[in-house]
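Structure data (mmCIF, C-alpha atoms) from target_22.cif:
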```
data_upload
#
loop_
_atom_site.group_PDB
_atom_site.id
_atom_site.type_symbol
_atom_site.label_atom_id
_atom_site.label_comp_id
_atom_site.auth_asym_id
_atom_site.auth_seq_id
_atom_site.Cartn_x
_atom_site.Cartn_y
_atom_site.Cartn_z
ATOM 1 C CA MET A 1 -81.591 74.393 162.494
ATOM 2 C CA GLY A 2 -79.393 76.201 159.989
ATOM 3 C CA THR A 3 -76.563 73.770 160.720
ATOM 4 C CA ALA A 4 -78.846 70.774 160.201
ATOM 5 C CA ILE A 5 -79.958 72.176 156.850
ATOM 6 C CA ALA A 6 -76.326 72.857 155.887
ATOM 7 C CA LYS A 7 -75.572 69.203 156.715
ATOM 8 C CA ALA A 8 -78.509 68.064 154.555
ATOM 9 C CA LEU A 9 -77.240 70.250 151.691
ATOM 10 C CA GLU A 10 -73.782 68.714 152.105
ATOM 11 C CA SER A 11 -75.292 65.214 151.946
ATOM 12 C CA GLY A 12 -77.354 66.017 148.854
ATOM 13 C CA ILE A 13 -80.636 65.501 150.701
ATOM 14 C CA LEU A 14 -81.698 69.098 150.095
ATOM 15 C CA ASP A 15 -80.984 71.831 147.592
ATOM 16 C CA LEU A 16 -81.568 75.541 148.119
ATOM 17 C CA ASP A 17 -83.405 75.661 144.793
ATOM 18 C CA HIS A 18 -85.912 73.007 145.869
ATOM 19 C CA GLU A 19 -89.485 74.252 145.564
ATOM 20 C CA VAL A 20 -91.112 73.545 148.913
ATOM 21 C CA GLN A 21 -94.508 72.740 147.411
ATOM 22 C CA TYR A 22 -92.809 70.008 145.379
ATOM 23 C CA LEU A 23 -91.500 68.464 148.610
ATOM 24 C CA LEU A 24 -95.032 68.585 150.008
ATOM 25 C CA ALA A 25 -96.510 66.718 147.049
ATOM 26 C CA GLY A 26 -98.346 63.572 148.058
ATOM 27 C CA GLY A 27 -101.181 64.760 150.242
ATOM 28 C CA HIS A 28 -99.510 66.870 152.935
ATOM 29 C CA PHE A 29 -100.948 70.364 152.381
ATOM 30 C CA ASN A 30 -100.820 73.173 149.856
ATOM 31 C CA ILE A 31 -99.018 76.485 150.241
ATOM 32 C CA ASP A 32 -101.567 78.940 148.893
ATOM 33 C CA ASN A 33 -99.330 81.993 148.762
ATOM 34 C CA PRO A 34 -100.634 84.864 146.633
ATOM 35 C CA GLY A 35 -97.161 85.756 145.346
ATOM 36 C CA LEU A 36 -97.549 83.882 142.035
ATOM 37 C CA ARG A 37 -94.088 82.360 142.431
ATOM 38 C CA PRO A 38 -93.051 79.101 144.139
ATOM 39 C CA ILE A 39 -91.370 79.342 147.544
ATOM 40 C CA THR A 40 -87.925 77.737 147.554
ATOM 41 C CA LEU A 41 -85.776 76.555 150.449
ATOM 42 C CA GLU A 42 -83.475 79.523 149.801
ATOM 43 C CA HIS A 43 -86.399 81.882 150.354
ATOM 44 C CA LEU A 44 -87.105 80.223 153.702
ATOM 45 C CA VAL A 45 -83.548 80.213 155.081
ATOM 46 C CA THR A 46 -83.118 83.919 154.237
ATOM 47 C CA HIS A 47 -86.596 84.985 155.424
ATOM 48 C CA ARG A 48 -87.691 86.105 151.971
ATOM 49 C CA SER A 49 -90.520 83.618 151.442
ATOM 50 C CA GLY A 50 -93.302 86.168 151.842
ATOM 51 C CA ILE A 51 -94.731 84.232 154.805
ATOM 52 C CA LYS A 52 -95.618 86.501 157.731
ATOM 53 C CA ASP A 53 -96.172 85.620 161.385
ATOM 54 C CA TYR A 54 -99.748 86.730 162.074
ATOM 55 C CA ARG A 55 -99.684 86.988 165.856
ATOM 56 C CA PRO A 56 -103.310 86.022 166.675
ATOM 57 C CA ALA A 57 -102.740 82.725 164.852
ATOM 58 C CA TYR A 58 -99.040 82.186 165.617
ATOM 59 C CA ARG A 59 -99.488 82.433 169.389
ATOM 60 C CA CYS A 60 -101.867 79.457 169.168
ATOM 61 C CA SER A 61 -98.813 77.308 168.361
ATOM 62 C CA PHE A 62 -97.618 77.462 171.994
ATOM 63 C CA TYR A 63 -99.231 74.848 174.232
ATOM 64 C CA ILE A 64 -98.840 73.025 177.544
ATOM 65 C CA ASP A 65 -98.962 69.231 177.444
ATOM 66 C CA ASN A 66 -101.181 68.189 180.357
ATOM 67 C CA GLY A 67 -99.769 64.654 180.343
ATOM 68 C CA ASP A 68 -103.158 62.990 179.924
ATOM 69 C CA GLY A 69 -103.587 63.328 176.179
ATOM 70 C CA THR A 70 -104.956 66.861 176.458
ATOM 71 C CA HIS A 71 -103.289 70.231 176.142
ATOM 72 C CA THR A 72 -103.806 73.850 177.143
ATOM 73 C CA LYS A 73 -102.907 76.750 174.883
ATOM 74 C CA LEU A 74 -100.294 78.934 176.567
ATOM 75 C CA VAL A 75 -102.177 82.121 175.700
ATOM 76 C CA ASP A 76 -105.165 80.822 177.701
ATOM 77 C CA LEU A 77 -103.232 81.576 180.895
ATOM 78 C CA GLU A 78 -103.600 85.262 180.068
ATOM 79 C CA GLU A 79 -106.471 85.443 177.579
ATOM 80 C CA PRO A 80 -108.732 82.389 177.885
ATOM 81 C CA GLY A 81 -110.541 81.400 174.706
ATOM 82 C CA SER A 82 -108.130 83.173 172.337
ATOM 83 C CA CYS A 83 -107.448 79.970 170.378
ATOM 84 C CA PRO A 84 -109.719 77.147 169.244
ATOM 85 C CA ASP A 85 -109.363 74.235 171.661
ATOM 86 C CA ASP A 86 -109.053 71.739 168.829
ATOM 87 C CA SER A 87 -106.553 73.690 166.696
ATOM 88 C CA PRO A 88 -103.615 71.478 165.637
ATOM 89 C CA ILE A 89 -100.470 71.203 167.743
ATOM 90 C CA THR A 90 -98.421 69.004 165.405
ATOM 91 C CA LEU A 91 -95.891 70.617 163.068
ATOM 92 C CA ALA A 92 -97.584 69.451 159.851
ATOM 93 C CA GLY A 93 -101.027 70.153 161.251
ATOM 94 C CA PHE A 94 -100.275 73.722 162.248
ATOM 95 C CA LEU A 95 -98.404 74.537 159.025
ATOM 96 C CA GLY A 96 -101.310 73.194 156.994
ATOM 97 C CA ALA A 97 -103.814 75.159 159.046
ATOM 98 C CA TYR A 98 -101.822 78.334 158.444
ATOM 99 C CA LEU A 99 -100.590 78.001 154.845
ATOM 100 C CA ASP A 100 -103.352 76.043 153.109
ATOM 101 C CA SER A 101 -106.475 77.972 152.048
ATOM 102 C CA GLU A 102 -108.538 75.142 153.571
ATOM 103 C CA GLY A 103 -106.873 75.641 156.971
ATOM 104 C CA GLU A 104 -108.543 77.261 159.961
ATOM 105 C CA PHE A 105 -105.769 79.848 160.411
ATOM 106 C CA TYR A 106 -105.468 80.772 156.733
ATOM 107 C CA ASN A 107 -105.695 84.491 156.011
ATOM 108 C CA GLN A 108 -104.195 85.551 152.712
ATOM 109 C CA ASN A 109 -103.697 89.206 153.645
ATOM 110 C CA GLU A 110 -102.326 88.571 157.135
ATOM 111 C CA ASN A 111 -100.280 85.414 156.554
ATOM 112 C CA PHE A 112 -98.465 86.526 153.384
ATOM 113 C CA LEU A 113 -96.859 89.603 151.902
ATOM 114 C CA ALA A 114 -98.426 90.957 148.740
ATOM 115 C CA ARG A 115 -95.089 90.712 146.921
ATOM 116 C CA ALA A 116 -93.687 87.539 145.395
ATOM 117 C CA PRO A 117 -91.300 85.234 147.288
ATOM 118 C CA GLY A 118 -87.710 86.456 147.032
ATOM 119 C CA GLU A 119 -88.631 90.119 146.641
ATOM 120 C CA GLU A 120 -88.870 91.291 150.253
ATOM 121 C CA TYR A 121 -87.370 90.380 153.624
ATOM 122 C CA ILE A 122 -89.629 89.717 156.585
ATOM 123 C CA TYR A 123 -88.536 87.556 159.507
ATOM 124 C CA SER A 124 -90.834 84.557 159.766
ATOM 125 C CA ASN A 125 -90.872 81.898 162.465
ATOM 126 C CA ILE A 126 -93.508 79.983 160.531
ATOM 127 C CA GLY A 127 -91.294 80.105 157.435
ATOM 128 C CA ALA A 128 -88.449 78.691 159.541
ATOM 129 C CA ALA A 129 -90.716 75.905 160.799
ATOM 130 C CA LEU A 130 -91.588 75.099 157.180
ATOM 131 C CA ALA A 131 -87.864 74.805 156.387
ATOM 132 C CA GLY A 132 -87.478 72.318 159.241
ATOM 133 C CA TYR A 133 -90.443 70.340 157.942
ATOM 134 C CA SER A 134 -88.891 70.348 154.472
ATOM 135 C CA LEU A 135 -85.792 68.679 155.908
ATOM 136 C CA GLU A 136 -88.016 66.031 157.506
ATOM 137 C CA LEU A 137 -89.732 65.260 154.200
ATOM 138 C CA SER A 138 -86.407 64.991 152.383
ATOM 139 C CA SER A 139 -84.463 62.993 154.969
ATOM 140 C CA GLY A 140 -87.122 60.666 156.355
ATOM 141 C CA PHE A 141 -86.165 61.728 159.891
ATOM 142 C CA THR A 142 -87.668 64.368 162.114
ATOM 143 C CA LEU A 143 -85.473 67.445 162.372
ATOM 144 C CA ALA A 144 -85.006 66.609 166.072
ATOM 145 C CA ASP A 145 -83.682 63.123 165.265
ATOM 146 C CA TYR A 146 -81.573 64.319 162.329
ATOM 147 C CA ALA A 147 -79.911 67.044 164.421
ATOM 148 C CA LYS A 148 -79.346 64.592 167.270
ATOM 149 C CA MET A 149 -77.631 62.096 164.948
ATOM 150 C CA LYS A 150 -75.575 64.557 162.941
ATOM 151 C CA ILE A 151 -74.813 67.334 165.447
ATOM 152 C CA PHE A 152 -75.726 66.826 169.097
ATOM 153 C CA THR A 153 -74.529 63.252 169.693
ATOM 154 C CA PRO A 154 -71.177 63.664 167.899
ATOM 155 C CA LEU A 155 -70.475 66.786 169.968
ATOM 156 C CA GLY A 156 -71.546 65.140 173.230
ATOM 157 C CA MET A 157 -74.504 67.497 173.658
ATOM 158 C CA VAL A 158 -76.563 65.167 175.848
ATOM 159 C CA ASN A 159 -78.572 67.983 177.438
ATOM 160 C CA THR A 160 -79.779 69.453 174.153
ATOM 161 C CA SER A 161 -83.098 68.615 172.527
ATOM 162 C CA TRP A 162 -86.332 69.992 171.108
ATOM 163 C CA ARG A 163 -88.182 67.339 173.129
ATOM 164 C CA ILE A 164 -88.828 67.901 176.838
ATOM 165 C CA PRO A 165 -89.094 64.118 177.624
ATOM 166 C CA GLU A 166 -85.491 63.657 176.433
ATOM 167 C CA LEU A 167 -84.273 66.089 179.104
ATOM 168 C CA ILE A 168 -84.396 66.194 182.895
ATOM 169 C CA PRO A 169 -87.348 68.544 183.607
ATOM 170 C CA ASP A 170 -85.882 69.786 186.903
ATOM 171 C CA ASN A 171 -82.805 70.968 184.991
ATOM 172 C CA ILE A 172 -84.867 73.167 182.650
ATOM 173 C CA ALA A 173 -85.157 76.803 183.692
ATOM 174 C CA LYS A 174 -88.807 77.826 183.913
ATOM 175 C CA PRO A 175 -89.881 80.687 181.662
ATOM 176 C CA HIS A 176 -91.108 83.893 183.293
ATOM 177 C CA TYR A 177 -93.709 86.075 181.624
ATOM 178 C CA PRO A 178 -95.608 89.199 182.743
ATOM 179 C CA ILE A 179 -99.241 88.341 183.466
ATOM 180 C CA ASN A 180 -101.490 91.078 184.863
ATOM 181 C CA GLY A 181 -98.429 93.169 185.616
ATOM 182 C CA ASN A 182 -96.589 90.445 187.538
ATOM 183 C CA LEU A 183 -93.609 88.428 186.286
ATOM 184 C CA THR A 184 -95.000 84.914 186.550
ATOM 185 C CA ALA A 185 -93.323 81.505 186.247
ATOM 186 C CA LEU A 186 -94.933 79.575 183.408
ATOM 187 C CA PRO A 187 -95.207 75.799 183.052
ATOM 188 C CA LEU A 188 -92.802 74.234 180.575
ATOM 189 C CA TYR A 189 -94.510 74.475 177.212
ATOM 190 C CA GLU A 190 -94.159 73.094 173.692
ATOM 191 C CA LEU A 191 -94.380 74.657 170.230
ATOM 192 C CA ALA A 192 -96.356 73.282 167.313
ATOM 193 C CA THR A 193 -93.840 75.154 165.130
ATOM 194 C CA TRP A 194 -90.956 73.816 167.201
ATOM 195 C CA PRO A 195 -88.179 74.014 164.537
ATOM 196 C CA ASP A 196 -88.383 77.829 164.721
ATOM 197 C CA GLY A 197 -87.359 77.794 168.401
ATOM 198 C CA GLY A 198 -87.903 75.619 171.417
ATOM 199 C CA LEU A 199 -84.466 74.026 171.395
ATOM 200 C CA ARG A 200 -83.345 73.601 174.989
ATOM 201 C CA SER A 201 -79.695 73.333 175.924
ATOM 202 C CA SER A 202 -77.104 74.376 178.481
ATOM 203 C CA ALA A 203 -74.674 77.265 178.193
ATOM 204 C CA TYR A 204 -71.770 74.809 178.196
ATOM 205 C CA GLU A 205 -73.148 72.698 175.349
ATOM 206 C CA MET A 206 -74.083 75.723 173.263
ATOM 207 C CA ALA A 207 -70.540 76.997 173.787
ATOM 208 C CA LEU A 208 -69.237 73.678 172.398
ATOM 209 C CA PHE A 209 -71.521 74.085 169.406
ATOM 210 C CA LEU A 210 -70.483 77.705 168.828
ATOM 211 C CA ALA A 211 -66.787 76.786 169.059
ATOM 212 C CA THR A 212 -67.377 74.097 166.429
ATOM 213 C CA ILE A 213 -69.005 76.542 164.013
ATOM 214 C CA MET A 214 -66.267 79.112 164.628
ATOM 215 C CA ASN A 215 -63.726 76.432 163.729
ATOM 216 C CA GLY A 216 -65.249 75.644 160.336
ATOM 217 C CA GLY A 217 -67.441 72.766 161.513
ATOM 218 C CA LYS A 218 -64.777 70.980 163.554
ATOM 219 C CA LEU A 219 -64.405 70.706 167.330
ATOM 220 C CA SER A 220 -60.811 70.172 168.425
ATOM 221 C CA THR A 221 -60.272 68.708 171.877
ATOM 222 C CA GLY A 222 -57.115 67.564 173.587
ATOM 223 C CA LYS A 223 -57.564 63.979 172.402
ATOM 224 C CA LYS A 224 -59.559 64.053 169.164
ATOM 225 C CA GLU A 225 -61.247 66.101 166.487
ATOM 226 C CA ILE A 226 -64.966 65.929 165.794
ATOM 227 C CA ARG A 227 -66.257 67.247 162.488
ATOM 228 C CA ILE A 228 -69.976 67.840 161.964
ATOM 229 C CA LEU A 229 -69.646 69.882 158.755
ATOM 230 C CA GLU A 230 -67.066 70.039 156.024
ATOM 231 C CA ALA A 231 -65.244 73.369 155.932
ATOM 232 C CA ASP A 232 -66.845 74.318 152.607
ATOM 233 C CA SER A 233 -70.320 73.601 153.978
ATOM 234 C CA ALA A 234 -69.669 75.690 157.079
ATOM 235 C CA ALA A 235 -68.391 78.536 154.912
ATOM 236 C CA GLN A 236 -71.477 78.348 152.686
ATOM 237 C CA MET A 237 -73.740 78.440 155.742
ATOM 238 C CA LEU A 238 -72.044 81.607 157.038
ATOM 239 C CA THR A 239 -71.836 83.417 153.681
ATOM 240 C CA PRO A 240 -74.574 85.969 152.921
ATOM 241 C CA ILE A 241 -77.050 84.732 150.333
ATOM 242 C CA THR A 242 -79.197 87.842 150.320
ATOM 243 C CA ASP A 243 -78.830 90.911 152.532
ATOM 244 C CA ASN A 244 -77.286 89.792 155.826
ATOM 245 C CA PHE A 245 -78.526 86.196 156.010
ATOM 246 C CA GLY A 246 -76.632 83.023 155.267
ATOM 247 C CA ILE A 247 -78.443 79.740 155.990
ATOM 248 C CA PHE A 248 -80.453 81.073 158.931
ATOM 249 C CA TRP A 249 -77.304 82.692 160.395
ATOM 250 C CA ILE A 250 -77.229 86.471 160.687
ATOM 251 C CA ILE A 251 -74.119 87.899 159.055
ATOM 252 C CA ASP A 252 -72.557 91.297 159.913
ATOM 253 C CA TRP A 253 -74.544 91.917 163.121
ATOM 254 C CA PRO A 254 -73.135 95.242 164.428
ATOM 255 C CA LEU A 255 -71.905 95.471 168.022
ATOM 256 C CA GLN A 256 -69.798 98.286 169.396
ATOM 257 C CA TYR A 257 -66.974 97.321 171.716
ATOM 258 C CA ASN A 258 -63.299 98.212 172.068
ATOM 259 C CA GLY A 259 -64.110 101.606 170.589
ATOM 260 C CA LYS A 260 -65.378 100.413 167.202
ATOM 261 C CA ILE A 261 -68.277 98.730 165.436
ATOM 262 C CA ASN A 262 -67.592 95.023 165.043
ATOM 263 C CA LYS A 263 -69.473 92.779 162.600
ATOM 264 C CA LEU A 264 -70.566 89.540 164.247
ATOM 265 C CA ILE A 265 -72.113 86.288 163.011
ATOM 266 C CA GLY A 266 -74.784 84.408 164.934
ATOM 267 C CA HIS A 267 -78.416 84.617 165.934
ATOM 268 C CA ASN A 268 -80.674 85.799 168.719
ATOM 269 C CA GLY A 269 -84.287 85.158 169.505
ATOM 270 C CA ALA A 270 -87.074 84.945 172.051
ATOM 271 C CA ASP A 271 -90.207 83.012 172.920
ATOM 272 C CA PRO A 272 -92.606 83.719 175.797
ATOM 273 C CA GLY A 273 -90.454 83.863 178.924
ATOM 274 C CA TYR A 274 -87.182 82.935 177.212
ATOM 275 C CA PHE A 275 -84.466 84.639 175.181
ATOM 276 C CA SER A 276 -81.078 83.699 173.735
ATOM 277 C CA TYR A 277 -78.106 85.435 172.153
ATOM 278 C CA MET A 278 -75.225 83.657 170.395
ATOM 279 C CA PHE A 279 -72.671 85.469 168.235
ATOM 280 C CA PHE A 280 -69.001 85.363 167.335
ATOM 281 C CA ASN A 281 -66.477 87.709 165.784
ATOM 282 C CA PRO A 282 -64.886 85.951 162.776
ATOM 283 C CA ILE A 283 -61.933 88.365 162.799
ATOM 284 C CA ASP A 284 -61.012 88.149 166.479
ATOM 285 C CA LYS A 285 -62.252 84.520 166.724
ATOM 286 C CA ILE A 286 -64.074 85.079 169.986
ATOM 287 C CA GLY A 287 -67.705 84.388 170.784
ATOM 288 C CA ALA A 288 -70.302 84.881 173.476
ATOM 289 C CA LEU A 289 -73.720 83.545 174.357
ATOM 290 C CA ILE A 290 -76.387 84.717 176.771
ATOM 291 C CA LEU A 291 -79.378 82.596 177.789
ATOM 292 C CA GLY A 292 -82.252 83.940 179.882
ATOM 293 C CA ASN A 293 -85.597 82.809 181.266
ATOM 294 C CA SER A 294 -87.597 86.027 181.383
ATOM 295 C CA GLU A 295 -89.625 87.953 178.851
ATOM 296 C CA LEU A 296 -87.568 90.005 176.424
ATOM 297 C CA ASN A 297 -88.533 93.661 176.076
ATOM 298 C CA GLU A 298 -86.812 96.743 174.656
ATOM 299 C CA GLU A 299 -85.240 97.730 177.974
ATOM 300 C CA LEU A 300 -83.877 94.244 178.619
ATOM 301 C CA GLU A 301 -82.668 93.947 175.029
ATOM 302 C CA GLU A 302 -80.632 97.128 175.471
ATOM 303 C CA SER A 303 -79.100 95.680 178.632
ATOM 304 C CA ILE A 304 -78.280 92.423 176.849
ATOM 305 C CA ASN A 305 -76.479 94.306 174.082
ATOM 306 C CA GLY A 306 -74.478 96.132 176.754
ATOM 307 C CA LEU A 307 -73.634 92.863 178.499
ATOM 308 C CA ALA A 308 -72.642 91.298 175.175
ATOM 309 C CA ALA A 309 -70.273 94.192 174.492
ATOM 310 C CA LYS A 310 -68.654 93.698 177.905
ATOM 311 C CA LEU A 311 -68.288 89.947 177.302
ATOM 312 C CA PHE A 312 -66.616 90.501 173.950
ATOM 313 C CA GLU A 313 -64.311 93.152 175.405
ATOM 314 C CA ALA A 314 -63.310 90.818 178.243
ATOM 315 C CA ALA A 315 -62.754 87.913 175.847
ATOM 316 C CA SER A 316 -60.617 90.024 173.530
ATOM 317 C CA LYS A 317 -58.423 91.119 176.452
ATOM 318 C CA LEU A 318 -57.988 87.523 177.596
ATOM 319 C CA LYS A 319 -56.952 86.557 174.105
ATOM 320 C CA ILE A 320 -54.361 89.352 174.018
ATOM 321 C CA LYS A 321 -52.951 88.175 177.365
ATOM 322 C CA GLU A 322 -52.671 84.586 176.144
ATOM 323 C CA ALA A 323 -50.947 85.741 172.967
ATOM 324 C CA SER A 324 -48.451 87.812 174.956
ATOM 325 C CA LYS A 325 -47.627 84.805 177.124
ATOM 326 C CA LEU A 326 -46.906 82.738 174.054
ATOM 327 C CA CYS A 327 -44.672 85.451 172.685
ATOM 328 C CA HIS A 328 -42.864 85.846 176.024
ATOM 329 C CA TYR A 329 -42.021 82.184 176.375
#
```
Please rewrite the model in this file as structure tokens.
Amino acid sequence: MGTAIAKALESGILDLDHEVQYLLAGGHFNIDNPGLRPITLEHLVTHRSGIKDYRPAYRCSFYIDNGDGTHTKLVDLEEPGSCPDDSPITLAGFLGAYLDSEGEFYNQNENFLARAPGEEYIYSNIGAALAGYSLELSSGFTLADYAKMKIFTPLGMVNTSWRIPELIPDNIAKPHYPINGNLTALPLYELATWPDGGLRSSAYEMALFLATIMNGGKLSTGKKEIRILEADSAAQMLTPITDNFGIFWIIDWPLQYNGKINKLIGHNGADPGYFSYMFFNPIDKIGALILGNSELNEELEESINGLAAKLFEAASKLKIKEASKLCHY
């Protein structure tokens, strides 16, 4: 999503100083934050909006489409009745229910920090979803369509989408989640707050995307070059705005390999039964990604960090070998 927003900034559709409530004007919903300061797009992309993810409400955003016009909340598989059956599952509907004081999930103390937007960092999936919705309001396209037009199609990423019907279901790895002590395969599910996660892709296509970002927004193949972002836009996206966040990209993520702490750029994340890891070293110009379909916990996260270190070490050695061959010949 950060790349789509960077593209919208490049096109003049969005501005980091845009007040999100202004974009919502016209009958969408209000953002009743107690921080006494408007939330801007910059606050959202750096996770400094003051919006918190209140778990009892946020987990109601995950649902299973039953295919007959009805849905089942994912949490009902483990804790039936935890969410209202009629709670909204659309992006605008859920955001309104959570952020507007008239909404059924609104809770001033739980949904927002006490401090004003811009003053404190707290990672927020709901804030990220609001950023994606802001792009929709500004562009006239859904984020899914905008990203498909501007990023996925140009790069040939035909197996990448936020929408399950656009993919081949049998090719999608099923999520696995511990229920009653047993790791259980879950049905494929959707997210009401889908811009914050839920993007499905293959390792190959995400590698194409990562290579493009590493190369300043341009993918170079043997026959042609494909540019999805101007070099200046890519640089802006990967430059820290506040702390260690650019436009949704984590900057200076520490990973120890080859006997030293290396500062990487990328992102990681998890939803029920899924996790992903995608980072690159801007100095060595090598990257790695790890995709998994099981629940992420502290033990597994430690193993993933160890695997990532091994991948980066192996990639750096391959690069040294290739360089030596060039020098030899």
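Rounded to one decimal, CA of Pro240 (chain A) and CA of Asp145 (chain A) lie 27.5 Å from each other.
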Pick out the closest residue to Asp232 (chain A) from this set: A:Leu9, A:Ala4, A:Ile122, A:Leu199. Count only C-alpha atoms.
->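 Answer, going by the shortest atom-to-atom distance: A:Leu9.
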Near Ala114 (chain A), counting all atoms listed in the file, which residues have an atom at most 7 Å away, once you skip same-chain residues fewer than 2 positions from it, shown as a VMD selection string?
-> chain A and resid 34 to 35 112 116
Separation of CA of Ser124 (chain A) from CA of Gly292 (chain A), in Å and rounded to one decimal |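 Computing it gives 21.9 Å between the two atoms.
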Determine, counting all atoms listed in the file, which protein, DNA and RNA residues have an atom within 10 Å of an atom of Arg115 (chain A); residues of the same chain fewer than 5 positions away are not included. Present the result as a list in words.
->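 The residues that qualify are Asn33, Pro34, Gly35, Leu36, Arg37, Ser49, Gly50 and Glu120 of chain A.
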What would the file look like if the residues just selected were written as a PDB file, in the frame of the given file with C-alpha atoms?
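Written file, selection-v9.pdb:
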```pdb
ATOM      1  CA  ASN A  33     -99.330  81.993 148.762  1.00  0.00           C
ATOM      2  CA  PRO A  34    -100.634  84.864 146.633  1.00  0.00           C
ATOM      3  CA  GLY A  35     -97.161  85.756 145.346  1.00  0.00           C
ATOM      4  CA  LEU A  36     -97.549  83.882 142.035  1.00  0.00           C
ATOM      5  CA  ARG A  37     -94.088  82.360 142.431  1.00  0.00           C
ATOM      6  CA  SER A  49     -90.520  83.618 151.442  1.00  0.00           C
ATOM      7  CA  GLY A  50     -93.302  86.168 151.842  1.00  0.00           C
ATOM      8  CA  GLU A 120     -88.870  91.291 150.253  1.00  0.00           C
TER       9      GLU A 120
END
```
If you apply the PyMOL selection byres ((chain A and resi 287) around 8) to this file, what residues do you get, as a count of residues only?
-> 12
What separation in Å, quoted to one decimal, exists between CA of Ser201 (chain A) and CA of Tyr63 (chain A)?
->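 That distance, rounded to one decimal, is 19.7 Å.
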Could you expand the PyMOL selection byres ((chain A and resi 230) around 9) into the explicit residues it covers here, written as a list in words?
->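 Listing what the PyMOL selection byres ((chain A and resi 230) around 9) selects in the shown file: Lys7, Glu10, Gly216, Gly217, Lys218, Arg227, Ile228, Leu229, Ala231, Asp232, Ser233, Ala234 and Ala235 of chain A.
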Determine the residue membership of the PyMOL selection byres ((chain A and resi 308) around 10) for the file above and supply it as a PyMOL selection string.
-> chain A and resi 255-257+277-279+287-290+302-307+309-314
Lys224 (chain A): which residues within 12 Å, counting all atoms listed in the file, same-chain residues fewer than 5 positions away excluded, as a list in words?
->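 In the requested format, the answer is Pro154, Leu155, Lys218 and Leu219 of chain A.
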Interface rows for region 9-81 of chain A against region 158-173 of chain A: nearest pair, Å to one decimal, 12 Å, only C-alpha atoms, as a Markdown table:
```
| residue | atom | partner | partner_atom | distance |
| --- | --- | --- | --- | --- |
| A:Ile64 | CA | A:Ile164 | CA | 11.3 |
| A:Asp65 | CA | A:Ile164 | CA | 10.2 |
| A:Gly67 | CA | A:Pro165 | CA | 11.0 |
```
Neighbour list for Ile5 (chain A) as JSON, numbers by chain, cut-off 10 Å, all atoms listed in the file, skip fewer than 2 positions in-chain = {"A": [1, 2, 3, 7, 8, 9, 10, 11, 13, 14, 15, 16, 41, 45, 131, 132, 134, 135, 143, 146, 147, 237, 247, 248]}
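With only C-alpha atoms as the atoms that count, the minimum distance from Tyr274 (chain A) to the choices A:Leu186, A:His71, A:Asn258, A:Ile213 is reached by A:Leu186.
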Pick out the closest residue to Tyr54 (chain A) from this set: A:Gly273, A:Gly93, A:Pro38, A:Gly127. Count all atoms listed in the file.
->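 Closest candidate: A:Gly127.
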Nearest to Ala192 (chain A), restricted to all atoms listed in the file and choosing among A:Lys317, A:Arg59, A:His176, A:His28, comes out as A:Arg59
Region 79-92 of chain A: which residues within 9 Å, counting only C-alpha atoms, same-chain residues fewer than 6 positions away excluded, as a list in words?
-> His28, Phe29, Pro56, Ala57, Arg59, Cys60, Ser61, Phe62, Tyr63, His71, Thr72, Lys73, Glu104, Phe105, Ala129, Leu130, Tyr133, Glu190, Leu191, Ala192, Thr193, Trp194 and Pro195 of chain A
Is it possible to get the axis-aligned box enclosing region 196-207 of chain A (all listed atoms, 8 Å extra per side) as lines of an AutoDock Vina configuration file, with centre and edge lengths in Å rounded to one decimal?
```
center_x = -79.5
center_y = 75.3
center_z = 171.6
size_x = 33.8
size_y = 21.1
size_z = 29.8
```
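Across A:Asp100, A:Asp53, A:Glu110, A:Glu42, the tightest approach to Asn30 (chain A) is made by A:Asp100 when counting all atoms listed in the file.
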Assuming the input is short of atoms at region 221-227 of chain A, produce N, CA, C and O atoms for that part as a PDB file, in the frame of the given file.
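Contents of the output file result27.pdb:
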```pdb
ATOM      1  N   THR A 221     -60.506  68.897 170.457  1.00  0.00           N
ATOM      2  CA  THR A 221     -60.272  68.708 171.877  1.00  0.00           C
ATOM      3  C   THR A 221     -58.844  68.233 172.072  1.00  0.00           C
ATOM      4  O   THR A 221     -58.094  68.055 171.121  1.00  0.00           O
ATOM      5  N   GLY A 222     -58.484  67.982 173.316  1.00  0.00           N
ATOM      6  CA  GLY A 222     -57.115  67.564 173.587  1.00  0.00           C
ATOM      7  C   GLY A 222     -56.788  66.198 173.004  1.00  0.00           C
ATOM      8  O   GLY A 222     -55.635  65.895 172.723  1.00  0.00           O
ATOM      9  N   LYS A 223     -57.815  65.354 172.824  1.00  0.00           N
ATOM     10  CA  LYS A 223     -57.564  63.979 172.402  1.00  0.00           C
ATOM     11  C   LYS A 223     -58.013  63.681 170.971  1.00  0.00           C
ATOM     12  O   LYS A 223     -57.470  62.791 170.330  1.00  0.00           O
ATOM     13  N   LYS A 224     -59.031  64.405 170.480  1.00  0.00           N
ATOM     14  CA  LYS A 224     -59.559  64.053 169.164  1.00  0.00           C
ATOM     15  C   LYS A 224     -60.208  65.266 168.504  1.00  0.00           C
ATOM     16  O   LYS A 224     -60.387  66.314 169.129  1.00  0.00           O
ATOM     17  N   GLU A 225     -60.532  65.088 167.240  1.00  0.00           N
ATOM     18  CA  GLU A 225     -61.247  66.101 166.487  1.00  0.00           C
ATOM     19  C   GLU A 225     -62.580  65.535 166.037  1.00  0.00           C
ATOM     20  O   GLU A 225     -62.663  64.391 165.600  1.00  0.00           O
ATOM     21  N   ILE A 226     -63.616  66.347 166.177  1.00  0.00           N
ATOM     22  CA  ILE A 226     -64.966  65.929 165.794  1.00  0.00           C
ATOM     23  C   ILE A 226     -65.467  66.901 164.733  1.00  0.00           C
ATOM     24  O   ILE A 226     -65.541  68.108 164.978  1.00  0.00           O
ATOM     25  N   ARG A 227     -65.789  66.382 163.571  1.00  0.00           N
ATOM     26  CA  ARG A 227     -66.257  67.247 162.488  1.00  0.00           C
ATOM     27  C   ARG A 227     -67.734  66.957 162.212  1.00  0.00           C
ATOM     28  O   ARG A 227     -68.111  65.815 161.946  1.00  0.00           O
TER      29      ARG A 227
END
```
